[in-house]
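Raw contents of query_22.csv, CSV, C-alpha atoms:
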chain,number,residue,atom,x,y,z
A,1,MET,CA,47.2,36.0,-30.1
A,2,GLU,CA,48.6,33.9,-27.3
A,3,ARG,CA,46.1,35.3,-24.9
A,4,THR,CA,43.1,34.3,-27.0
A,5,LYS,CA,44.6,30.9,-27.4
A,6,ARG,CA,44.9,30.5,-23.6
A,7,LYS,CA,41.3,31.6,-23.2
A,8,LYS,CA,40.3,29.0,-25.7
A,9,ASN,CA,42.1,26.4,-23.8
A,10,TRP,CA,40.4,27.4,-20.6
A,11,GLY,CA,37.1,27.2,-22.4
A,12,GLU,CA,37.8,23.7,-23.6
A,13,LEU,CA,38.9,22.6,-20.2
A,14,ALA,CA,35.8,24.0,-18.7
A,15,ILE,CA,33.6,22.3,-21.2
A,16,GLY,CA,35.4,19.0,-20.6
A,17,GLY,CA,35.1,19.4,-16.9
A,18,VAL,CA,31.4,20.3,-17.0
A,19,CYS,CA,30.8,17.4,-19.4
A,20,ALA,CA,32.6,15.1,-17.0
A,21,LEU,CA,30.4,16.4,-14.1
A,22,LEU,CA,27.4,15.7,-16.3
A,23,GLY,CA,28.6,12.2,-17.0
A,24,ILE,CA,29.2,11.5,-13.3
A,25,LEU,CA,25.7,12.7,-12.4
A,26,LEU,CA,24.2,10.8,-15.3
A,27,ALA,CA,25.9,7.5,-14.3
A,28,VAL,CA,25.0,7.9,-10.6
A,29,GLN,CA,21.4,8.7,-11.5
A,30,LEU,CA,21.1,5.8,-13.9
A,31,ARG,CA,22.5,3.4,-11.2
A,32,SER,CA,20.2,4.8,-8.6
A,33,VAL,CA,17.1,4.4,-10.8
A,34,LYS,CA,18.2,0.8,-11.4
A,35,VAL,CA,18.7,0.1,-7.7
A,36,ASN,CA,15.3,1.7,-6.8
A,37,THR,CA,13.5,-0.3,-9.4
A,38,ALA,CA,15.1,-3.4,-8.1
A,39,ALA,CA,13.9,-2.4,-4.6
A,40,ASP,CA,10.3,-2.2,-6.0
A,41,ALA,CA,10.7,-5.6,-7.5
A,42,THR,CA,11.8,-6.9,-4.1
A,43,ASN,CA,8.7,-5.5,-2.5
A,44,THR,CA,6.5,-7.3,-5.1
A,45,GLY,CA,8.4,-10.5,-4.4
A,46,ARG,CA,7.8,-10.0,-0.7
A,47,LEU,CA,4.1,-9.6,-1.3
A,48,GLU,CA,4.0,-12.8,-3.1
A,49,THR,CA,5.9,-14.6,-0.4
A,50,LEU,CA,3.5,-13.2,2.2
A,51,GLN,CA,0.5,-14.3,0.2
A,52,GLN,CA,1.9,-17.8,0.0
A,53,LEU,CA,2.6,-17.8,3.8
A,54,TYR,CA,-1.0,-16.7,4.4
A,55,ASN,CA,-2.4,-19.5,2.2
A,56,GLU,CA,-0.2,-22.0,4.1
A,57,THR,CA,-1.4,-20.7,7.4
A,58,VAL,CA,-5.0,-20.9,6.4
A,59,ASP,CA,-4.4,-24.5,5.3
A,60,SER,CA,-2.8,-25.4,8.6
A,61,LEU,CA,-5.7,-23.7,10.4
A,62,GLU,CA,-8.1,-26.0,8.7
A,63,THR,CA,-6.1,-29.0,9.7
A,64,THR,CA,-5.9,-27.8,13.3
A,65,ARG,CA,-9.6,-27.3,13.4
A,66,ALA,CA,-10.2,-30.9,12.3
A,67,GLN,CA,-7.8,-32.1,15.0
A,68,LEU,CA,-9.7,-30.1,17.6
A,69,GLU,CA,-13.0,-31.7,16.6
A,70,GLN,CA,-11.4,-35.1,16.9
A,71,VAL,CA,-10.0,-34.3,20.3
A,72,GLN,CA,-13.3,-33.0,21.5
A,73,ALA,CA,-15.0,-36.2,20.4
A,74,GLU,CA,-12.4,-38.1,22.4
A,75,LEU,CA,-13.0,-36.0,25.4
A,76,GLN,CA,-16.7,-36.7,25.1
A,77,THR,CA,-16.2,-40.4,25.2
A,78,TYR,CA,-14.0,-40.1,28.3
A,79,ARG,CA,-16.7,-38.1,30.0
A,80,ASP,CA,-19.3,-40.7,29.1
A,81,GLU,CA,-17.2,-43.4,30.5
A,82,ALA,CA,-16.5,-41.5,33.7
A,83,ALA,CA,-20.1,-40.7,34.2
A,84,SER,CA,-21.4,-44.3,33.7
A,85,GLY,CA,-20.0,-45.1,37.2
A,86,SER,CA,-21.3,-44.0,40.5
A,87,GLY,CA,-24.0,-41.4,41.4
A,88,GLU,CA,-21.4,-38.9,42.4
A,89,SER,CA,-19.9,-38.7,39.0
A,90,GLU,CA,-23.4,-38.5,37.6
A,91,ALA,CA,-23.9,-35.3,39.5
A,92,LEU,CA,-20.5,-34.0,38.4
A,93,ARG,CA,-21.5,-34.7,34.8
A,94,ALA,CA,-24.7,-32.7,35.1
A,95,GLU,CA,-22.6,-29.9,36.5
A,96,VAL,CA,-20.2,-30.0,33.6
A,97,ASP,CA,-23.1,-30.1,31.1
A,98,LYS,CA,-24.7,-27.0,32.7
A,99,LEU,CA,-21.4,-25.1,32.8
A,100,GLU,CA,-20.7,-26.0,29.2
A,101,MET,CA,-24.1,-24.7,28.2
A,102,GLU,CA,-23.4,-21.4,30.0
A,103,ALA,CA,-20.0,-21.1,28.5
A,104,GLY,CA,-21.4,-21.7,25.0
A,105,LEU,CA,-19.6,-24.9,24.3
A,106,VAL,CA,-22.7,-26.9,23.4
A,107,GLU,CA,-25.3,-26.4,20.8
A,108,VAL,CA,-28.6,-25.3,22.3
A,109,VAL,CA,-32.1,-25.2,20.9
A,110,GLY,CA,-35.2,-23.4,22.1
A,111,PRO,CA,-37.7,-20.6,21.3
A,112,GLY,CA,-36.5,-17.1,20.6
A,113,VAL,CA,-36.2,-14.5,17.9
A,114,MET,CA,-34.2,-14.2,14.8
A,115,VAL,CA,-32.9,-10.7,13.9
A,116,SER,CA,-31.5,-10.1,10.5
A,117,LEU,CA,-29.8,-6.8,9.5
A,118,GLN,CA,-29.2,-5.7,5.9
A,119,ASP,CA,-27.2,-2.7,4.7
A,120,SER,CA,-29.4,0.4,3.9
A,121,SER,CA,-31.1,0.6,0.6
A,122,ALA,CA,-31.7,4.3,0.9
A,123,ALA,CA,-30.3,6.8,-1.7
A,124,ASN,CA,-27.1,8.3,-0.4
A,125,VAL,CA,-27.9,11.9,0.5
A,126,THR,CA,-25.3,12.6,3.2
A,127,GLY,CA,-22.5,11.8,0.8
A,128,ASP,CA,-20.9,9.4,3.3
A,129,GLU,CA,-21.2,5.8,2.4
A,130,ALA,CA,-20.4,4.8,6.0
A,131,ASP,CA,-23.7,6.2,7.2
A,132,TYR,CA,-25.6,3.5,5.3
A,133,LEU,CA,-23.6,0.5,6.3
A,134,ILE,CA,-24.0,-1.6,9.4
A,135,HIS,CA,-21.2,-1.0,11.9
A,136,ASP,CA,-20.1,-2.9,14.9
A,137,ASN,CA,-21.9,-0.3,17.1
A,138,ASP,CA,-25.2,-1.2,15.5
A,139,LEU,CA,-24.6,-4.9,16.1
A,140,LEU,CA,-23.5,-4.3,19.6
A,141,SER,CA,-26.6,-2.3,20.5
A,142,VAL,CA,-28.8,-5.1,19.1
A,143,LEU,CA,-26.8,-7.6,21.1
A,144,ASN,CA,-27.0,-5.5,24.2
A,145,GLU,CA,-30.8,-5.2,23.8
A,146,LEU,CA,-31.1,-8.9,23.4
A,147,ARG,CA,-29.1,-9.6,26.5
A,148,ASP,CA,-31.0,-7.0,28.5
A,149,ALA,CA,-34.3,-8.7,27.5
A,150,GLY,CA,-33.0,-12.0,28.9
A,151,ALA,CA,-31.6,-13.9,26.0
A,152,GLU,CA,-29.9,-17.0,27.2
A,153,ALA,CA,-27.9,-18.0,24.2
A,154,ILE,CA,-27.0,-15.8,21.2
A,155,SER,CA,-25.3,-16.4,17.9
A,156,LEU,CA,-24.3,-14.0,15.2
A,157,ASN,CA,-24.0,-15.5,11.7
A,158,GLY,CA,-23.4,-18.9,13.3
A,159,GLU,CA,-20.8,-17.6,15.7
A,160,ARG,CA,-21.7,-18.3,19.3
A,161,ILE,CA,-21.5,-15.1,21.4
A,162,MET,CA,-19.6,-15.9,24.5
A,163,ALA,CA,-18.1,-13.9,27.4
A,164,THR,CA,-15.0,-13.2,25.4
A,165,THR,CA,-16.5,-12.7,21.9
A,166,GLU,CA,-15.6,-9.5,20.1
A,167,ILE,CA,-17.7,-7.8,17.5
A,168,ARG,CA,-15.6,-5.3,15.7
A,169,CYS,CA,-15.4,-3.5,12.4
A,170,ALA,CA,-12.3,-4.2,10.3
A,171,GLY,CA,-12.5,-2.3,7.1
A,172,SER,CA,-15.6,-3.5,5.3
A,173,VAL,CA,-16.1,-6.6,7.4
A,174,VAL,CA,-17.0,-7.4,10.9
A,175,ILE,CA,-14.9,-9.7,13.0
A,176,VAL,CA,-16.7,-12.1,15.3
A,177,ASN,CA,-14.8,-14.7,17.2
A,178,GLY,CA,-11.8,-13.9,15.0
A,179,ARG,CA,-13.6,-14.7,11.8
A,180,ARG,CA,-14.8,-12.2,9.2
A,181,TYR,CA,-18.4,-11.6,8.3
A,182,THR,CA,-20.2,-9.2,6.0
A,183,ALA,CA,-23.8,-8.2,5.8
A,184,PRO,CA,-26.5,-9.6,6.1
A,185,PHE,CA,-26.0,-10.2,9.8
A,186,VAL,CA,-28.3,-12.7,11.5
A,187,PHE,CA,-28.7,-13.0,15.2
A,188,ASN,CA,-30.3,-16.1,16.7
A,189,ALA,CA,-31.3,-15.4,20.3
A,190,ILE,CA,-32.9,-18.0,22.6
A,191,GLY,CA,-35.2,-16.6,25.3
A,192,ASP,CA,-38.8,-15.5,25.8
A,193,PRO,CA,-39.8,-14.6,22.2
A,194,ASP,CA,-42.4,-12.0,23.2
A,195,THR,CA,-40.0,-10.2,25.6
A,196,LEU,CA,-37.2,-10.2,23.1
A,197,TYR,CA,-39.4,-9.0,20.2
A,198,SER,CA,-40.9,-6.1,22.2
A,199,ALA,CA,-37.5,-5.1,23.6
A,200,LEU,CA,-36.1,-4.7,20.1
A,201,THR,CA,-39.1,-3.1,18.4
A,202,MET,CA,-40.2,-0.6,21.0
A,203,ARG,CA,-40.4,3.0,20.0
A,204,ASN,CA,-37.0,4.7,19.9
A,205,GLY,CA,-35.6,1.2,20.4
A,206,VAL,CA,-32.7,-0.2,18.4
A,207,VAL,CA,-34.8,-1.3,15.4
A,208,ASP,CA,-36.6,2.1,15.2
A,209,VAL,CA,-33.3,4.0,15.2
A,210,LEU,CA,-31.7,1.8,12.6
A,211,GLY,CA,-34.8,2.0,10.5
A,212,GLN,CA,-34.3,5.8,10.3
A,213,TRP,CA,-31.2,5.1,8.2
A,214,LYS,CA,-33.3,2.6,6.2
A,215,ILE,CA,-31.2,-0.2,7.5
A,216,GLU,CA,-33.4,-3.2,7.0
A,217,VAL,CA,-33.9,-5.0,10.4
A,218,LYS,CA,-36.3,-7.9,10.5
A,219,VAL,CA,-37.2,-9.4,13.9
A,220,THR,CA,-38.9,-12.8,13.6
A,221,PRO,CA,-40.1,-14.7,16.7
A,222,SER,CA,-39.6,-18.4,16.4
A,223,GLU,CA,-40.7,-21.4,18.4
A,224,MET,CA,-37.6,-23.4,17.6
A,225,LEU,CA,-34.2,-21.9,17.1
A,226,THR,CA,-30.7,-23.4,17.1
A,227,VAL,CA,-27.7,-21.7,18.5
A,228,PRO,CA,-24.5,-23.5,17.6
A,229,ALA,CA,-21.6,-24.2,20.0
A,230,TYR,CA,-18.4,-22.2,20.0
A,231,ASN,CA,-16.0,-24.2,17.8
A,232,GLY,CA,-12.7,-22.5,18.6
A,233,VAL,CA,-10.2,-22.8,21.4
A,234,ILE,CA,-10.5,-21.0,24.7
A,235,ASP,CA,-7.0,-20.3,26.0
A,236,PHE,CA,-6.6,-18.4,29.2
A,237,GLN,CA,-3.0,-17.2,29.4
A,238,TYR,CA,-3.3,-14.7,32.2
A,239,ALA,CA,-6.5,-15.4,34.1
A,240,LYS,CA,-6.4,-18.1,36.8
A,241,PRO,CA,-8.8,-19.1,39.5
A,242,SER,CA,-7.6,-17.1,42.6
A,243,THR,CA,-7.8,-20.3,44.8
A,244,ALA,CA,-5.7,-22.3,42.4
A,245,GLN,CA,-2.8,-19.9,42.5
A,246,SER,CA,-1.9,-20.8,46.2
A,247,GLU,CA,-1.8,-24.5,45.2
A,248,GLY,CA,0.8,-23.7,42.6
A,249,THR,CA,-1.1,-25.1,39.6
A,250,GLU,CA,0.1,-23.7,36.3
A,251,GLY,CA,-0.7,-23.7,32.6
A,252,GLY,CA,-3.6,-22.3,30.7
A,253,ALA,CA,-7.0,-23.8,31.3
A,254,VAL,CA,-8.3,-25.2,28.0
A,255,GLY,CA,-12.0,-25.7,27.7
B,1,MET,CA,35.5,16.1,-29.3
B,2,ILE,CA,36.4,17.3,-25.8
B,3,GLU,CA,32.7,17.2,-24.8
B,4,LEU,CA,32.5,13.5,-25.7
B,5,ALA,CA,35.7,12.7,-23.9
B,6,GLY,CA,34.6,14.5,-20.8
B,7,LEU,CA,31.3,12.7,-20.9
B,8,ILE,CA,32.9,9.3,-21.2
B,9,VAL,CA,35.4,10.0,-18.4
B,10,GLY,CA,32.5,11.2,-16.2
B,11,LEU,CA,30.4,8.1,-16.9
B,12,VAL,CA,33.3,5.9,-16.0
B,13,ILE,CA,34.0,7.8,-12.8
B,14,GLY,CA,30.2,7.7,-12.0
B,15,CYS,CA,30.0,4.0,-12.4
B,16,PHE,CA,32.6,3.4,-9.8
B,17,LEU,CA,31.4,5.9,-7.2
B,18,PRO,CA,30.1,4.2,-4.1
B,19,TRP,CA,27.1,6.4,-3.3
B,20,HIS,CA,23.7,6.6,-5.1
B,21,VAL,CA,20.7,9.0,-5.1
B,22,PRO,CA,17.9,8.1,-2.6
B,23,SER,CA,14.6,7.5,-4.4
B,24,GLN,CA,12.9,10.6,-3.1
B,25,TYR,CA,15.6,12.9,-4.6
B,26,SER,CA,15.6,11.0,-7.9
B,27,LEU,CA,13.2,13.4,-9.6
B,28,TYR,CA,15.2,16.5,-8.6
B,29,VAL,CA,18.5,15.0,-9.9
B,30,ALA,CA,16.8,13.9,-13.1
B,31,THR,CA,15.4,17.4,-13.7
B,32,GLY,CA,18.7,19.0,-13.0
B,33,LEU,CA,20.4,16.6,-15.3
B,34,LEU,CA,18.1,17.5,-18.1
B,35,ALA,CA,18.9,21.2,-17.7
B,36,ALA,CA,22.6,20.5,-17.5
B,37,LEU,CA,22.4,18.3,-20.6
B,38,ASP,CA,20.7,21.1,-22.5
B,39,SER,CA,23.4,23.6,-21.4
B,40,ALA,CA,26.1,21.2,-22.5
B,41,LEU,CA,24.5,20.9,-25.9
B,42,GLY,CA,24.1,24.7,-26.1
B,43,GLY,CA,27.8,25.1,-25.3
B,44,MET,CA,28.7,22.7,-28.0
B,45,ASN,CA,26.5,24.6,-30.4
B,46,ALA,CA,28.1,27.9,-29.5
B,47,ARG,CA,31.6,26.5,-29.9
B,48,ILE,CA,30.9,25.3,-33.3
B,49,LYS,CA,29.4,28.7,-34.2
B,50,LYS,CA,32.5,30.3,-32.6
B,51,THR,CA,30.3,32.4,-30.3
B,52,PHE,CA,31.3,30.5,-27.1
B,53,LYS,CA,31.8,32.5,-23.9
B,54,LEU,CA,33.0,30.7,-20.8
B,55,SER,CA,31.0,32.8,-18.3
B,56,ILE,CA,27.8,32.5,-20.2
B,57,PHE,CA,28.3,28.7,-20.5
B,58,LEU,CA,29.1,28.2,-16.8
B,59,SER,CA,26.3,30.4,-15.5
B,60,GLY,CA,23.9,28.7,-17.9
B,61,PHE,CA,25.0,25.2,-16.9
B,62,PHE,CA,24.7,25.7,-13.2
B,63,GLY,CA,21.9,28.3,-13.2
B,64,ASN,CA,19.6,26.3,-15.4
B,65,ALA,CA,20.2,23.1,-13.3
B,66,ILE,CA,19.5,25.0,-10.0
B,67,ILE,CA,16.3,26.6,-11.4
B,68,ALA,CA,15.1,23.2,-12.7
B,69,VAL,CA,15.7,21.6,-9.4
B,70,PHE,CA,14.0,24.5,-7.6
B,71,LEU,CA,11.0,24.2,-9.9
B,72,ALA,CA,10.7,20.5,-9.2
B,73,TRP,CA,11.0,21.2,-5.4
B,74,LEU,CA,8.4,24.0,-5.6
B,75,GLY,CA,6.1,21.7,-7.6
B,76,ASP,CA,6.4,19.1,-4.9
B,77,LYS,CA,5.5,21.6,-2.2
B,78,LEU,CA,2.5,23.0,-4.2
B,79,GLY,CA,1.2,19.6,-5.3
B,80,LEU,CA,1.6,20.6,-8.9
B,81,PRO,CA,4.0,18.8,-11.3
B,82,LEU,CA,6.0,21.9,-12.1
B,83,TYR,CA,9.1,19.9,-13.1
B,84,LEU,CA,7.2,19.2,-16.3
B,85,ALA,CA,7.8,22.8,-17.3
B,86,ALA,CA,11.6,22.2,-17.1
B,87,VAL,CA,11.2,18.9,-18.9
B,88,VAL,CA,9.2,20.5,-21.8
B,89,VAL,CA,11.5,23.6,-22.1
B,90,PHE,CA,14.8,21.8,-21.9
B,91,GLY,CA,13.6,18.9,-24.0
B,92,THR,CA,12.6,21.3,-26.7
B,93,ARG,CA,15.8,23.3,-26.5
B,94,MET,CA,17.8,20.1,-26.7
B,95,PHE,CA,16.2,19.3,-30.0
B,96,GLN,CA,16.8,22.9,-31.2
B,97,ASN,CA,20.4,22.9,-30.2
B,98,PHE,CA,20.9,19.5,-31.8
B,99,ALA,CA,19.3,20.8,-35.0
B,100,GLU,CA,21.5,23.9,-35.1
B,101,ILE,CA,24.6,21.8,-34.5
B,102,ARG,CA,23.6,19.4,-37.2
B,103,ARG,CA,22.9,22.2,-39.7
B,104,GLU,CA,26.1,24.0,-38.9
B,105,LEU,CA,28.3,20.9,-39.3
B,106,LEU,CA,26.6,19.8,-42.6
B,107,THR,CA,26.5,23.3,-44.2
B,108,SER,CA,30.0,24.3,-43.2
B,109,ARG,CA,31.4,21.3,-45.1
B,110,GLN,CA,29.3,22.3,-48.1
B,111,LYS,CA,30.5,25.9,-47.8
B,112,LYS,CA,34.1,24.7,-47.6
B,113,ALA,CA,33.7,22.5,-50.7
B,114,ARG,CA,32.1,25.4,-52.6
B,115,ILE,CA,34.9,27.7,-51.7
B,116,GLU,CA,37.5,25.2,-52.7
B,117,GLN,CA,35.6,24.7,-56.0
B,118,ASP,CA,35.5,28.4,-56.6
B,119,ILE,CA,39.3,28.7,-55.9
B,120,ASN,CA,40.0,25.8,-58.3
B,121,ASN,CA,37.7,27.3,-60.9
B,122,SER,CA,39.4,30.7,-60.7
B,123,GLN,CA,42.8,29.1,-60.8
B,124,GLY,CA,41.8,26.9,-63.7
B,125,SER,CA,40.4,29.9,-65.6
B,126,GLU,CA,43.6,31.8,-65.0
B,127,ASN,CA,45.6,29.0,-66.4
B,128,GLU,CA,43.4,28.8,-69.4
B,129,LEU,CA,43.5,32.5,-70.1
B,130,PRO,CA,46.7,32.9,-72.1
Mind converting the file's structure to structure tokens?
Amino acid sequence: MERTKRKKNWGELAIGGVCALLGILLAVQLRSVKVNTAADATNTGRLETLQQLYNETVDSLETTRAQLEQVQAELQTYRDEAASGSGESEALRAEVDKLEMEAGLVEVVGPGVMVSLQDSSAANVTGDEADYLIHDNDLLSVLNELRDAGAEAISLNGERIMATTEIRCAGSVVIVNGRRYTAPFVFNAIGDPDTLYSALTMRNGVVDVLGQWKIEVKVTPSEMLTVPAYNGVIDFQYAKPSTAQSEGTEGGAVG
Amino acid sequence: MIELAGLIVGLVIGCFLPWHVPSQYSLYVATGLLAALDSALGGMNARIKKTFKLSIFLSGFFGNAIIAVFLAWLGDKLGLPLYLAAVVVFGTRMFQNFAEIRRELLTSRQKKARIEQDINNSQGSENELP
């Protein structure tokens, strides 16, 4: 009789213990779930903050750009004033103008070709959407062909192509001079229109190859094209003229 | 009663424990918890029915929890939500156990009442006999 009673006590104790264990686990899990959900909420909050920061940065970028324009206008007046003096500074000014044109800091006009590229309209048979989109490679091969054919000034979607300009895919957009562009892409190239046209449209040339993917490339020769100036800041942080280094000049050259 | 007391004690202790479950193990713990909860209900059911055996209860409690966690882990490895099997099975069994407990408690009182009534009736008839 006593033995069965003791057994029963053990059973009750075990049940109590097990239930306590259950309770501990339950409480810990409940708290963890709460903490984890809170962490998710923090992430969402962070996203919003970042979005706000981004918007603010874009705003300040606009302001800075306006300031830049103003400063450039001032610079222009100084140049004019300096050049109105002697014949020597006249020559200097001509030199500066020429260099600015070469560097892409002034708007230029002249005859040339306009190349517009549009994403492929062909039915997707390979199953890979990327095959039918324009990539940085396509744009770069067009650009290379234009340069090879002697184009003197080139712009892509209104962005002047300079010595340091990048053309790079970033997801579904292409970054040119740090700004994002999507198809259609339009090159304006100033040079001999006939040479440029033939260089692009020759057999097995760039247009021919892109045409096989049904990417619409239109090359239009024109007597009068405008290539805009580069409207950003050129900031050389590392490169310095090798002669200037011995003189101990410092600071980035700002064009 | 002792189940409830144990649960409350456990909850209180759990609330003051310093550590908590990392989010990637949350699913495993939850699945194991469900299995353990079912076993606890099953034990309560057995105790009420007076068929309780400690070894069966303990092996069920820990075994079911381990198998449930293992299923969840295996499902993770296979890319198949196998823990759903544990959720469905233990969820259903919890309802069954609860139903049995409920029925047992309610009918046992009825039975007791009827027995008492019978006793009263028989005593009453004895008294009336002479």
Chain A residues near chain B (10 Å cut-off, all atoms listed in the file) as a PyMOL selection string: chain A and resi 7-8+10-33+35-37+39
I'd like the neighbourhood of Asp148 (chain A) as a CSV table (one decimal) with C-alpha atoms, keeping the file's coordinate frame, where a residue qualifies if any of its atoms comes within 12 Å (using only C-alpha atoms), though same-chain residues fewer than 6 positions away should be ignored.
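Final output, selection-v6.csv:
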chain,number,residue,atom,x,y,z
A,140,LEU,CA,-23.5,-4.3,19.6
A,141,SER,CA,-26.6,-2.3,20.5
A,142,VAL,CA,-28.8,-5.1,19.1
A,189,ALA,CA,-31.3,-15.4,20.3
A,191,GLY,CA,-35.2,-16.6,25.3
A,192,ASP,CA,-38.8,-15.5,25.8
A,195,THR,CA,-40.0,-10.2,25.6
A,196,LEU,CA,-37.2,-10.2,23.1
A,197,TYR,CA,-39.4,-9.0,20.2
A,198,SER,CA,-40.9,-6.1,22.2
A,199,ALA,CA,-37.5,-5.1,23.6
A,200,LEU,CA,-36.1,-4.7,20.1
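The space between CA of Val219 (chain A) and CA of Leu117 (chain A) spans 9.0 Å.
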Do a neighbour search on Arg168 (chain A) at 6 Å with only C-alpha atoms, toss out local chain neighbours closer than 5 positions, and write the hits as a list in words. Asp136, Val174 and Ile175 of chain A
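Remark: for Cys169 (chain A), the closest of the candidate residues A:Leu133, A:Val227, A:Val71, A:Val115 is A:Leu133 (distances computed over all atoms listed in the file).
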Any idea what's packed within 9 Å of region 95-100 of chain B, counting all atoms listed in the file, ignoring anything in its chain fewer than 5 positions away? Could you give it as a count of residues only? 7
Near Ala183 (chain A), within 10 Å and counting only C-alpha atoms, which residues show up once chain neighbours fewer than 5 positions away are dropped, as a ChimeraX atom specification? /A:116-119,133-135,157,172-174
Keeping only C-alpha atoms, write the selected residues as an mmCIF file, keeping the file's coordinate frame.
data_model
loop_
_atom_site.group_PDB
_atom_site.id
_atom_site.type_symbol
_atom_site.label_atom_id
_atom_site.label_comp_id
_atom_site.auth_asym_id
_atom_site.auth_seq_id
_atom_site.Cartn_x
_atom_site.Cartn_y
_atom_site.Cartn_z
ATOM 1 C CA SER A 116 -31.500 -10.100 10.500
ATOM 2 C CA LEU A 117 -29.800 -6.800 9.500
ATOM 3 C CA GLN A 118 -29.200 -5.700 5.900
ATOM 4 C CA ASP A 119 -27.200 -2.700 4.700
ATOM 5 C CA LEU A 133 -23.600 0.500 6.300
ATOM 6 C CA ILE A 134 -24.000 -1.600 9.400
ATOM 7 C CA HIS A 135 -21.200 -1.000 11.900
ATOM 8 C CA ASN A 157 -24.000 -15.500 11.700
ATOM 9 C CA SER A 172 -15.600 -3.500 5.300
ATOM 10 C CA VAL A 173 -16.100 -6.600 7.400
ATOM 11 C CA VAL A 174 -17.000 -7.400 10.900
#
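Minimum atom-to-atom distances from A:Gly158, A:Gly104, A:Gly232, A:Gly211 to Leu68 (chain A) were compared using all atoms listed in the file, and the lowest value belongs to A:Gly232.
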10 Å contact set for Thr165 (chain A), only C-alpha atoms, chain neighbours under 5 positions out, as an MDAnalysis selection string: chainID A and resid 159:160 175:178 230
Point-to-point distance in Å for CA of Ser60 (chain A) and CA of Arg46 (chain A): 20.9 Å
d(CA of Pro221 (chain A), CA of Leu156 (chain A)) in Å: 15.9 Å
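Shortest atom-to-atom contact with Ala65 (chain B) among B:Leu84, B:Ala35, B:Ile48, B:Val89: B:Ala35, counting all atoms listed in the file.
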Using the file's own x, y and z axes, what box holds all listed atoms of region 53-68 of chain A with 8 Å on each side, keeping edges along x, y and z, and what are its centre and edge lengths in Å to one decimal, as lines of an AutoDock Vina configuration file?
center_x = -3.8
center_y = -24.4
center_z = 9.9
size_x = 28.8
size_y = 31.4
size_z = 31.4
